[in-house]
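The next block is upload_1.txt, given as compact mmCIF, C-alpha atoms.
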```
# COMPACT_ATOMS: atom_id res chain seq x y z
CA MET R 2 -20.18 -7.58 -5.81
CA SER R 3 -18.74 -9.88 -3.17
CA ALA R 4 -16.83 -8.67 -0.13
CA ASN R 5 -13.48 -9.23 -1.83
CA GLY R 6 -14.34 -6.84 -4.62
CA SER R 7 -15.02 -9.38 -7.37
CA HIS R 8 -18.31 -9.93 -9.15
CA GLY R 9 -20.13 -13.21 -9.54
CA SER R 10 -18.58 -16.53 -8.53
CA ASP R 11 -15.10 -15.86 -9.92
CA LYS R 12 -12.51 -16.40 -7.22
CA ASP R 13 -10.21 -13.50 -6.41
CA PRO R 14 -6.71 -15.01 -6.73
CA SER R 15 -5.55 -12.90 -3.79
CA GLU R 16 -7.42 -15.34 -1.55
CA GLN R 17 -5.12 -18.15 -2.66
CA HIS R 18 -1.42 -18.76 -2.17
CA VAL R 19 0.55 -17.54 -5.19
CA ASP R 20 4.26 -18.22 -5.55
CA ALA R 21 6.27 -15.02 -6.06
CA ALA R 22 8.14 -16.38 -9.08
CA GLU R 23 4.89 -17.56 -10.62
CA HIS R 24 3.31 -14.17 -10.03
CA GLY R 25 6.30 -12.42 -11.57
CA GLN R 26 6.00 -14.56 -14.69
CA HIS R 27 2.29 -13.77 -14.84
CA MET R 28 2.99 -10.03 -14.68
CA ASP R 29 5.67 -10.36 -17.34
CA GLY R 30 3.11 -12.05 -19.57
CA ILE R 31 0.65 -9.22 -19.11
CA TYR R 32 3.15 -6.40 -19.60
CA ARG R 33 5.58 -7.84 -22.14
CA TYR R 34 3.92 -5.71 -24.83
CA GLN R 35 1.61 -3.49 -22.80
CA ARG R 36 4.60 -1.75 -21.23
CA TYR R 37 5.16 0.11 -24.51
CA ILE R 38 1.77 1.86 -24.29
CA TYR R 39 1.17 1.62 -20.54
CA ASP R 40 1.76 5.25 -19.57
CA ALA R 41 -0.05 6.66 -22.60
CA THR R 42 -3.21 4.66 -21.87
CA ARG R 43 -3.26 4.54 -18.06
CA LYS R 44 -3.13 8.31 -17.58
CA TYR R 45 -6.83 8.45 -18.46
CA TYR R 46 -8.07 6.14 -15.72
CA LEU R 47 -5.43 5.72 -12.98
CA LEU R 48 -6.81 8.77 -11.23
CA GLY R 49 -5.36 10.23 -8.05
CA ARG R 50 -1.72 9.35 -8.70
CA ASP R 51 -0.54 12.92 -9.12
CA ARG R 52 -2.51 14.02 -6.06
CA MET R 53 -0.71 11.33 -4.07
CA LEU R 54 2.69 12.44 -5.40
CA ASP R 55 1.92 16.03 -4.40
CA GLY R 56 1.15 14.80 -0.89
CA LEU R 57 4.42 12.94 -0.32
CA LYS R 58 6.41 16.02 0.74
CA PRO R 59 9.53 14.17 1.97
CA PRO R 60 12.06 15.98 4.17
CA VAL R 61 15.00 17.64 2.40
CA GLY R 62 17.53 14.91 1.67
CA GLY R 63 14.89 12.27 2.37
CA THR R 64 14.21 8.95 0.66
CA ILE R 65 11.15 7.79 -1.27
CA LEU R 66 10.29 4.18 -2.14
CA GLU R 67 7.70 3.02 -4.65
CA VAL R 68 6.39 -0.51 -4.21
CA GLY R 69 5.45 -1.86 -7.65
CA CYS R 70 7.17 0.88 -9.64
CA GLY R 71 6.13 -0.41 -13.06
CA THR R 72 7.38 1.81 -15.88
CA GLY R 73 9.00 4.29 -13.50
CA ARG R 74 6.52 7.02 -14.40
CA ASN R 75 5.69 7.90 -10.80
CA LEU R 76 9.32 7.85 -9.67
CA ILE R 77 10.36 10.22 -12.44
CA LEU R 78 7.59 12.69 -11.60
CA ALA R 79 8.39 12.45 -7.89
CA ALA R 80 12.08 13.10 -8.59
CA LYS R 81 11.18 16.27 -10.46
CA ARG R 82 8.84 17.42 -7.69
CA TYR R 83 11.39 16.73 -4.95
CA PRO R 84 14.87 17.47 -6.36
CA HIS R 85 16.60 16.94 -3.01
CA ALA R 86 15.26 13.40 -2.48
CA GLN R 87 16.72 10.02 -3.38
CA LEU R 88 14.22 7.62 -4.92
CA TYR R 89 13.97 3.85 -4.99
CA GLY R 90 11.56 1.44 -6.60
CA PHE R 91 11.06 -2.22 -7.24
CA ASP R 92 8.74 -4.41 -9.25
CA ILE R 93 8.18 -8.12 -9.61
CA SER R 94 7.98 -7.81 -13.41
CA LYS R 95 11.32 -7.92 -15.21
CA GLU R 96 9.61 -6.60 -18.34
CA MET R 97 8.37 -3.48 -16.57
CA LEU R 98 11.84 -2.85 -15.14
CA VAL R 99 13.32 -2.82 -18.63
CA THR R 100 11.02 0.07 -19.50
CA ALA R 101 11.59 1.77 -16.13
CA ARG R 102 15.37 1.78 -16.45
CA ALA R 103 15.22 3.12 -20.01
CA SER R 104 12.78 5.88 -19.01
CA ILE R 105 14.85 6.88 -15.99
CA GLU R 106 18.00 7.06 -18.09
CA ARG R 107 16.26 9.18 -20.75
CA ALA R 108 15.10 11.54 -18.01
CA GLY R 109 18.69 11.92 -16.81
CA LEU R 110 17.78 10.68 -13.34
CA SER R 111 19.81 7.48 -13.05
CA ASP R 112 21.88 9.05 -10.26
CA ARG R 113 18.80 9.69 -8.11
CA ILE R 114 16.39 6.86 -8.98
CA HIS R 115 17.40 3.27 -8.26
CA VAL R 116 15.19 0.33 -9.29
CA THR R 117 15.45 -3.41 -8.87
CA GLU R 118 13.40 -6.59 -8.89
CA GLY R 119 11.51 -7.40 -5.70
CA ASP R 120 8.41 -8.94 -4.16
CA ALA R 121 6.01 -6.52 -2.45
CA THR R 122 4.94 -9.16 0.05
CA ASP R 123 8.47 -9.94 1.28
CA PHE R 124 11.18 -7.30 1.11
CA THR R 125 13.46 -5.05 3.14
CA MET R 126 15.09 -1.80 2.09
CA LEU R 127 18.40 -3.11 3.41
CA LYS R 128 18.42 -6.18 1.16
CA LEU R 129 17.21 -4.37 -1.94
CA PHE R 130 19.04 -1.06 -1.67
CA GLY R 131 21.46 -1.20 1.24
CA ILE R 132 19.65 1.41 3.35
CA PRO R 133 17.58 0.64 6.46
CA THR R 134 14.35 2.60 5.88
CA ALA R 135 12.58 5.20 3.75
CA ASP R 136 10.92 8.47 4.71
CA ARG R 137 8.05 7.92 2.29
CA VAL R 138 6.70 4.71 0.80
CA PHE R 139 3.94 4.73 -1.80
CA ILE R 140 1.90 2.08 -3.59
CA SER R 141 0.04 3.28 -6.66
CA TYR R 142 -2.57 1.03 -8.26
CA SER R 143 -0.63 -2.09 -7.35
CA LEU R 144 -2.44 -3.57 -4.35
CA SER R 145 -5.33 -4.52 -6.62
CA MET R 146 -2.90 -6.79 -8.49
CA ILE R 147 -0.83 -8.17 -5.62
CA PRO R 148 -1.69 -11.49 -3.98
CA PRO R 149 -1.76 -11.43 -0.98
CA TRP R 150 -2.15 -7.66 -0.90
CA GLN R 151 -2.54 -7.39 2.89
CA ALA R 152 1.08 -8.48 3.32
CA ALA R 153 2.21 -5.71 0.98
CA VAL R 154 0.55 -3.09 3.21
CA ARG R 155 2.43 -4.33 6.26
CA GLU R 156 5.72 -4.69 4.41
CA GLY R 157 5.33 -1.10 3.28
CA LEU R 158 4.92 0.00 6.89
CA LYS R 159 7.95 -2.01 7.94
CA ALA R 160 10.06 -0.04 5.47
CA LEU R 161 9.29 3.28 7.17
CA GLY R 162 11.55 5.13 9.55
CA PRO R 163 10.12 7.15 12.50
CA GLY R 164 7.84 9.88 11.21
CA GLY R 165 7.62 8.16 7.84
CA GLU R 166 4.46 7.88 5.77
CA LEU R 167 2.89 5.13 3.68
CA HIS R 168 0.72 6.47 0.83
CA VAL R 169 -1.67 4.17 -1.04
CA VAL R 170 -3.90 5.02 -4.00
CA ASP R 171 -5.94 2.42 -5.86
CA PHE R 172 -9.31 1.70 -7.41
CA GLY R 173 -12.35 2.28 -5.22
CA GLN R 174 -15.65 0.43 -5.27
CA GLN R 175 -17.39 2.85 -7.66
CA SER R 176 -20.17 3.38 -5.11
CA GLY R 177 -20.93 6.89 -6.38
CA TRP R 178 -21.39 5.78 -9.96
CA PRO R 179 -24.36 4.11 -11.71
CA LYS R 180 -24.61 0.35 -11.25
CA TRP R 181 -24.00 -0.29 -14.94
CA PHE R 182 -20.70 1.59 -14.74
CA GLU R 183 -19.68 -0.30 -11.59
CA LYS R 184 -20.38 -3.66 -13.23
CA LEU R 185 -18.63 -2.68 -16.46
CA MET R 186 -15.57 -1.42 -14.58
CA PHE R 187 -15.13 -4.54 -12.44
CA THR R 188 -15.67 -6.85 -15.41
CA TRP R 189 -13.07 -4.97 -17.44
CA LEU R 190 -10.52 -4.83 -14.60
CA LYS R 191 -10.87 -8.55 -13.97
CA LYS R 192 -9.59 -9.24 -17.49
CA PHE R 193 -6.23 -7.86 -16.27
CA THR R 194 -6.45 -9.71 -12.92
CA VAL R 195 -7.14 -6.41 -11.16
CA TYR R 196 -9.32 -6.70 -8.04
CA PRO R 197 -10.13 -3.44 -6.21
CA ARG R 198 -9.84 -3.98 -2.45
CA ALA R 199 -13.14 -3.27 -0.74
CA ASP R 200 -11.54 -3.48 2.71
CA LEU R 201 -8.46 -1.38 1.95
CA GLU R 202 -9.27 1.20 4.62
CA ASP R 203 -9.93 -1.47 7.27
CA GLU R 204 -6.65 -3.21 6.50
CA MET R 205 -4.63 0.02 6.60
CA ARG R 206 -6.21 0.99 9.92
CA ALA R 207 -5.60 -2.46 11.41
CA ALA R 208 -1.94 -2.40 10.37
CA ALA R 209 -1.55 1.15 11.68
CA ASP R 210 -3.08 0.20 15.04
CA ASP R 211 -0.32 -2.38 15.52
CA ILE R 212 2.27 0.41 15.73
CA GLY R 213 0.13 3.23 17.06
CA ALA R 214 0.18 5.07 13.74
CA THR R 215 -2.43 7.49 12.44
CA VAL R 216 -4.46 7.12 9.25
CA ARG R 217 -6.06 9.54 6.82
CA PHE R 218 -8.37 7.99 4.25
CA GLU R 219 -10.62 9.40 1.57
CA LYS R 220 -12.68 8.40 -1.44
CA LEU R 221 -11.86 10.31 -4.62
CA TYR R 222 -14.02 11.07 -7.64
CA ARG R 223 -17.21 9.50 -6.26
CA ASP R 224 -15.29 6.46 -5.04
CA TYR R 225 -13.60 5.86 -8.37
CA ALA R 226 -10.36 5.79 -6.38
CA ARG R 227 -9.35 5.56 -2.72
CA TYR R 228 -6.38 7.25 -1.09
CA GLY R 229 -4.96 6.44 2.33
CA VAL R 230 -1.97 7.72 4.29
CA VAL R 231 -0.47 6.05 7.36
CA THR R 232 1.91 8.19 9.44
CA ALA R 233 4.27 6.19 11.65
CA THR R 234 5.72 7.68 14.83
CA VAL R 235 7.86 4.66 15.69
CA PRO R 236 9.51 1.90 13.60
CA TRP R 237 7.49 -1.22 12.89
CA GLN R 238 7.51 -3.88 15.60
CA GLU R 239 5.93 -7.29 15.17
CA PRO R 240 2.62 -7.37 17.13
```

Starting from the file, give its structure as structure tokens.
Amino acid sequence: MSANGSHGSDKDPSEQHVDAAEHGQHMDGIYRYQRYIYDATRKYYLLGRDRMLDGLKPPVGGTILEVGCGTGRNLILAAKRYPHAQLYGFDISKEMLVTARASIERAGLSDRIHVTEGDATDFTMLKLFGIPTADRVFISYSLSMIPPWQAAVREGLKALGPGGELHVVDFGQQSGWPKWFEKLMFTWLKKFTVYPRADLEDEMRAAADDIGATVRFEKLYRDYARYGVVTATVPWQEP
């Protein structure tokens, strides 16, 4: 496995410039039909999501943002866990947002969950939702599909108010599993242009250092997944 988390000589597209519109069309192509079975199939291998949601614990009356909200599954569960919070989400895939809006409406949560189209590498809460910041921002199994993913980490931090938290869960490097499993996993994920980020912890710590924030980071399920939390004490300022 190379340092960028891809096997062999295949180039990780996150190392190249990708136009946001082009990336959105690519995601629409992947999820145009997968969105119908996404939640039913992903629950078996997107591990750590519910643990992350349990850890959000926003203040009463607080706001939660999901970057890359997909089908809206996480937002709906978070809304049920935290009935006094307002929730927001965005995704670059129009197809996923169709499913998200329908699911949110079926759950009777359209008054508390607001979703729109957006680019994780270039957004502000004010432009997307008309509010300045969020108390909690989370990114669940999206950084491994976002080029360039490092920008998404920093944009997530920029969206936080003082005392806010950025929660990230994504695929790990499978270091606690047999080599055959590691190879099989990375080969399979690559078919969906998913590239687990080997340096996720380093990037989160570097971004946190820029604003004097603290970081908690752990490997879950023998490094099947990784979970990091950045707690900001002051708003983001450009270094």

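The closest residue to Phe187 of chain R, picked from R:Gly49, R:Gly119, R:Gly173, R:Pro148 and counting all atoms listed in the file, is R:Gly173.
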
Atom CA of Thr232 of chain R and atom CA of Ala214 of chain R, how far apart in Å? 5.6 Å

If the box runs along x, y and z of the file and leaves 3 Å on each side of segment 156-166 of chain R, what are its centre and edge lengths in Å, one decimal, as JSON?
```
{"center_x": 8.0, "center_y": 2.6, "center_z": 7.9, "size_x": 13.1, "size_y": 20.6, "size_z": 15.2}
```

Answer as an MDAnalysis selection string, residues within 7 Å of (-2.5, 7.7, -4.2) using all atoms listed in the file: chainID R and resid 49:50 52:53 141 168:171 228

So which one's closest to Asp203 of chain R, R:Ala226, R:Val154, R:Leu161, R:Leu47? Using only C-alpha atoms, please.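 Using only C-alpha atoms, Asp203 of chain R sits closest to R:Val154.
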
Glu166 of chain R surroundings by all atoms listed in the file, 12 Å radius, close-in-sequence under 2 positions cut, as an MDAnalysis selection string: chainID R and resid 53 56:60 63:67 134:140 154 157:164 168:169 209 214:217 229:237

Please produce an output containing C-alpha atoms for each residue in the selection, written as a PDB file, in the coordinates of the input.
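Final output, saved to part-v9.pdb:
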```pdb
ATOM      1  CA  MET R  53      -0.710  11.330  -4.070  1.00  0.00           C
ATOM      2  CA  GLY R  56       1.150  14.800  -0.890  1.00  0.00           C
ATOM      3  CA  LEU R  57       4.420  12.940  -0.320  1.00  0.00           C
ATOM      4  CA  LYS R  58       6.410  16.020   0.740  1.00  0.00           C
ATOM      5  CA  PRO R  59       9.530  14.170   1.970  1.00  0.00           C
ATOM      6  CA  PRO R  60      12.060  15.980   4.170  1.00  0.00           C
ATOM      7  CA  GLY R  63      14.890  12.270   2.370  1.00  0.00           C
ATOM      8  CA  THR R  64      14.210   8.950   0.660  1.00  0.00           C
ATOM      9  CA  ILE R  65      11.150   7.790  -1.270  1.00  0.00           C
ATOM     10  CA  LEU R  66      10.290   4.180  -2.140  1.00  0.00           C
ATOM     11  CA  GLU R  67       7.700   3.020  -4.650  1.00  0.00           C
ATOM     12  CA  THR R 134      14.350   2.600   5.880  1.00  0.00           C
ATOM     13  CA  ALA R 135      12.580   5.200   3.750  1.00  0.00           C
ATOM     14  CA  ASP R 136      10.920   8.470   4.710  1.00  0.00           C
ATOM     15  CA  ARG R 137       8.050   7.920   2.290  1.00  0.00           C
ATOM     16  CA  VAL R 138       6.700   4.710   0.800  1.00  0.00           C
ATOM     17  CA  PHE R 139       3.940   4.730  -1.800  1.00  0.00           C
ATOM     18  CA  ILE R 140       1.900   2.080  -3.590  1.00  0.00           C
ATOM     19  CA  VAL R 154       0.550  -3.090   3.210  1.00  0.00           C
ATOM     20  CA  GLY R 157       5.330  -1.100   3.280  1.00  0.00           C
ATOM     21  CA  LEU R 158       4.920   0.000   6.890  1.00  0.00           C
ATOM     22  CA  LYS R 159       7.950  -2.010   7.940  1.00  0.00           C
ATOM     23  CA  ALA R 160      10.060  -0.040   5.470  1.00  0.00           C
ATOM     24  CA  LEU R 161       9.290   3.280   7.170  1.00  0.00           C
ATOM     25  CA  GLY R 162      11.550   5.130   9.550  1.00  0.00           C
ATOM     26  CA  PRO R 163      10.120   7.150  12.500  1.00  0.00           C
ATOM     27  CA  GLY R 164       7.840   9.880  11.210  1.00  0.00           C
ATOM     28  CA  HIS R 168       0.720   6.470   0.830  1.00  0.00           C
ATOM     29  CA  VAL R 169      -1.670   4.170  -1.040  1.00  0.00           C
ATOM     30  CA  ALA R 209      -1.550   1.150  11.680  1.00  0.00           C
ATOM     31  CA  ALA R 214       0.180   5.070  13.740  1.00  0.00           C
ATOM     32  CA  THR R 215      -2.430   7.490  12.440  1.00  0.00           C
ATOM     33  CA  VAL R 216      -4.460   7.120   9.250  1.00  0.00           C
ATOM     34  CA  ARG R 217      -6.060   9.540   6.820  1.00  0.00           C
ATOM     35  CA  GLY R 229      -4.960   6.440   2.330  1.00  0.00           C
ATOM     36  CA  VAL R 230      -1.970   7.720   4.290  1.00  0.00           C
ATOM     37  CA  VAL R 231      -0.470   6.050   7.360  1.00  0.00           C
ATOM     38  CA  THR R 232       1.910   8.190   9.440  1.00  0.00           C
ATOM     39  CA  ALA R 233       4.270   6.190  11.650  1.00  0.00           C
ATOM     40  CA  THR R 234       5.720   7.680  14.830  1.00  0.00           C
ATOM     41  CA  VAL R 235       7.860   4.660  15.690  1.00  0.00           C
ATOM     42  CA  PRO R 236       9.510   1.900  13.600  1.00  0.00           C
ATOM     43  CA  TRP R 237       7.490  -1.220  12.890  1.00  0.00           C
TER      44      TRP R 237
END
```

Which residues come within 10 Å of Phe91 of chain R, counting only C-alpha atoms, excluding same-chain residues fewer than 4 positions away, as a PyMOL selection string? chain R and resi 66-71+73+95+97-98+101+115-121+124+129-130

Please measure the separation of atom CA of Glu202 of chain R and atom CA of Phe218 of chain R, giving the value in Å to one decimal.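 Separation of atom CA of Glu202 of chain R and atom CA of Phe218 of chain R: 6.9 Å.
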
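For the pair atom CA of Leu54 of chain R and atom CA of Asp211 of chain R, the interatomic distance is 25.8 Å.
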
Nearest to Ser145 of chain R: which of R:Val195, R:Leu110, R:Leu221, R:Ala80 is it, counting only C-alpha atoms? R:Val195

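When all atoms listed in the file are used to compute distances to Thr100 of chain R, the closest of the residues R:Thr125, R:Arg82, R:Arg74, R:Lys220 turns out to be R:Arg74.
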
Of the listed residues R:Tyr142, R:Trp150, R:Tyr89, R:Phe172, that which approaches Arg227 of chain R most closely, counting all atoms listed in the file: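 For Arg227 of chain R, the nearest of the candidates is R:Phe172.
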
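Each of R:Asp112, R:Glu204, R:Glu96, R:Asp210 was checked against Ala152 of chain R using all atoms listed in the file; the smallest atom-to-atom distance is that of R:Glu204.
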
Long-range neighbours of Gln175 of chain R as a short mmCIF file (atom, residue, chain, number, x, y, z; two decimals) with C-alpha atoms, keeping the file's coordinate frame, 12 Å cut-off, only C-alpha atoms, 3 positions minimum in chain:
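part_2.cif written:
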```cif
data_model
loop_
_atom_site.label_atom_id
_atom_site.label_comp_id
_atom_site.auth_asym_id
_atom_site.auth_seq_id
_atom_site.Cartn_x
_atom_site.Cartn_y
_atom_site.Cartn_z
CA MET R 2 -20.18 -7.58 -5.81
CA GLY R 6 -14.34 -6.84 -4.62
CA ASP R 171 -5.94 2.42 -5.86
CA PHE R 172 -9.31 1.70 -7.41
CA TRP R 178 -21.39 5.78 -9.96
CA PRO R 179 -24.36 4.11 -11.71
CA LYS R 180 -24.61 0.35 -11.25
CA TRP R 181 -24.00 -0.29 -14.94
CA PHE R 182 -20.70 1.59 -14.74
CA GLU R 183 -19.68 -0.30 -11.59
CA LYS R 184 -20.38 -3.66 -13.23
CA LEU R 185 -18.63 -2.68 -16.46
CA MET R 186 -15.57 -1.42 -14.58
CA PHE R 187 -15.13 -4.54 -12.44
CA PRO R 197 -10.13 -3.44 -6.21
CA ARG R 198 -9.84 -3.98 -2.45
CA ALA R 199 -13.14 -3.27 -0.74
CA LYS R 220 -12.68 8.40 -1.44
CA LEU R 221 -11.86 10.31 -4.62
CA TYR R 222 -14.02 11.07 -7.64
CA ARG R 223 -17.21 9.50 -6.26
CA ASP R 224 -15.29 6.46 -5.04
CA TYR R 225 -13.60 5.86 -8.37
CA ALA R 226 -10.36 5.79 -6.38
CA ARG R 227 -9.35 5.56 -2.72
#
```

Only N, CA and C atoms, please: segment 146-177 of chain R from the block, as a short mmCIF file (atom, residue, chain, number, x, y, z; two decimals), in the first residue's frame.
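Writing done, so here's result26.cif:
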```cif
data_model
loop_
_atom_site.label_atom_id
_atom_site.label_comp_id
_atom_site.auth_asym_id
_atom_site.auth_seq_id
_atom_site.Cartn_x
_atom_site.Cartn_y
_atom_site.Cartn_z
N MET R 146 -13.78 9.78 -0.28
CA MET R 146 -14.30 9.96 -1.63
C MET R 146 -14.18 11.39 -2.13
N ILE R 147 -13.63 12.27 -1.31
CA ILE R 147 -13.59 13.69 -1.65
C ILE R 147 -12.19 14.10 -2.10
N PRO R 148 -12.06 14.57 -3.35
CA PRO R 148 -10.79 15.16 -3.77
C PRO R 148 -10.93 16.68 -3.84
N PRO R 149 -10.04 17.47 -3.27
CA PRO R 149 -8.99 17.08 -2.32
C PRO R 149 -9.55 17.04 -0.90
N TRP R 150 -9.40 15.94 -0.22
CA TRP R 150 -10.04 15.73 1.07
C TRP R 150 -9.48 16.63 2.17
N GLN R 151 -8.20 17.02 2.06
CA GLN R 151 -7.61 17.88 3.10
C GLN R 151 -8.35 19.20 3.22
N ALA R 152 -8.81 19.73 2.08
CA ALA R 152 -9.55 20.99 2.10
C ALA R 152 -10.88 20.82 2.83
N ALA R 153 -11.48 19.65 2.72
CA ALA R 153 -12.76 19.41 3.39
C ALA R 153 -12.60 19.43 4.91
N VAL R 154 -11.47 18.92 5.41
CA VAL R 154 -11.20 18.95 6.85
C VAL R 154 -11.16 20.40 7.33
N ARG R 155 -10.44 21.23 6.63
CA ARG R 155 -10.29 22.62 7.05
C ARG R 155 -11.58 23.42 6.87
N GLU R 156 -12.33 23.13 5.83
CA GLU R 156 -13.62 23.79 5.66
C GLU R 156 -14.57 23.40 6.79
N GLY R 157 -14.49 22.14 7.21
CA GLY R 157 -15.31 21.71 8.34
C GLY R 157 -14.99 22.47 9.60
N LEU R 158 -13.69 22.72 9.84
CA LEU R 158 -13.28 23.48 11.01
C LEU R 158 -13.73 24.94 10.92
N LYS R 159 -13.69 25.48 9.72
CA LYS R 159 -14.11 26.87 9.53
C LYS R 159 -15.58 27.07 9.87
N ALA R 160 -16.36 26.01 9.74
CA ALA R 160 -17.80 26.11 9.98
C ALA R 160 -18.15 26.09 11.46
N LEU R 161 -17.19 25.84 12.34
CA LEU R 161 -17.46 25.71 13.76
C LEU R 161 -17.47 27.06 14.47
N GLY R 162 -18.37 27.18 15.44
CA GLY R 162 -18.34 28.30 16.36
C GLY R 162 -17.43 27.96 17.53
N PRO R 163 -17.13 28.91 18.42
CA PRO R 163 -16.29 28.65 19.60
C PRO R 163 -16.85 27.49 20.42
N GLY R 164 -15.97 26.58 20.80
CA GLY R 164 -16.41 25.41 21.56
C GLY R 164 -17.02 24.32 20.70
N GLY R 165 -17.05 24.54 19.40
CA GLY R 165 -17.62 23.55 18.48
C GLY R 165 -16.70 22.36 18.29
N GLU R 166 -17.25 21.31 17.69
CA GLU R 166 -16.48 20.09 17.48
C GLU R 166 -16.67 19.57 16.05
N LEU R 167 -15.57 19.13 15.46
CA LEU R 167 -15.59 18.44 14.18
C LEU R 167 -15.35 16.97 14.43
N HIS R 168 -16.30 16.12 14.02
CA HIS R 168 -16.20 14.67 14.18
C HIS R 168 -16.01 14.03 12.80
N VAL R 169 -15.03 13.15 12.69
CA VAL R 169 -14.75 12.46 11.43
C VAL R 169 -14.64 10.96 11.68
N VAL R 170 -15.38 10.17 10.92
CA VAL R 170 -15.21 8.72 10.94
C VAL R 170 -15.08 8.25 9.50
N ASP R 171 -14.14 7.34 9.28
CA ASP R 171 -13.91 6.85 7.91
C ASP R 171 -13.13 5.55 7.99
N PHE R 172 -12.89 4.96 6.83
CA PHE R 172 -12.14 3.72 6.77
C PHE R 172 -10.73 3.91 7.31
N GLY R 173 -10.25 2.90 8.05
CA GLY R 173 -8.87 2.88 8.49
C GLY R 173 -7.98 2.19 7.48
N GLN R 174 -6.80 1.78 7.93
CA GLN R 174 -5.84 1.12 7.05
C GLN R 174 -5.82 -0.39 7.21
N GLN R 175 -6.74 -0.93 8.01
CA GLN R 175 -6.89 -2.38 8.18
C GLN R 175 -5.63 -3.04 8.74
N SER R 176 -4.87 -2.28 9.53
CA SER R 176 -3.57 -2.78 10.00
C SER R 176 -3.70 -3.94 10.98
N GLY R 177 -4.86 -4.09 11.63
CA GLY R 177 -5.05 -5.18 12.57
C GLY R 177 -5.65 -6.43 11.96
#
```
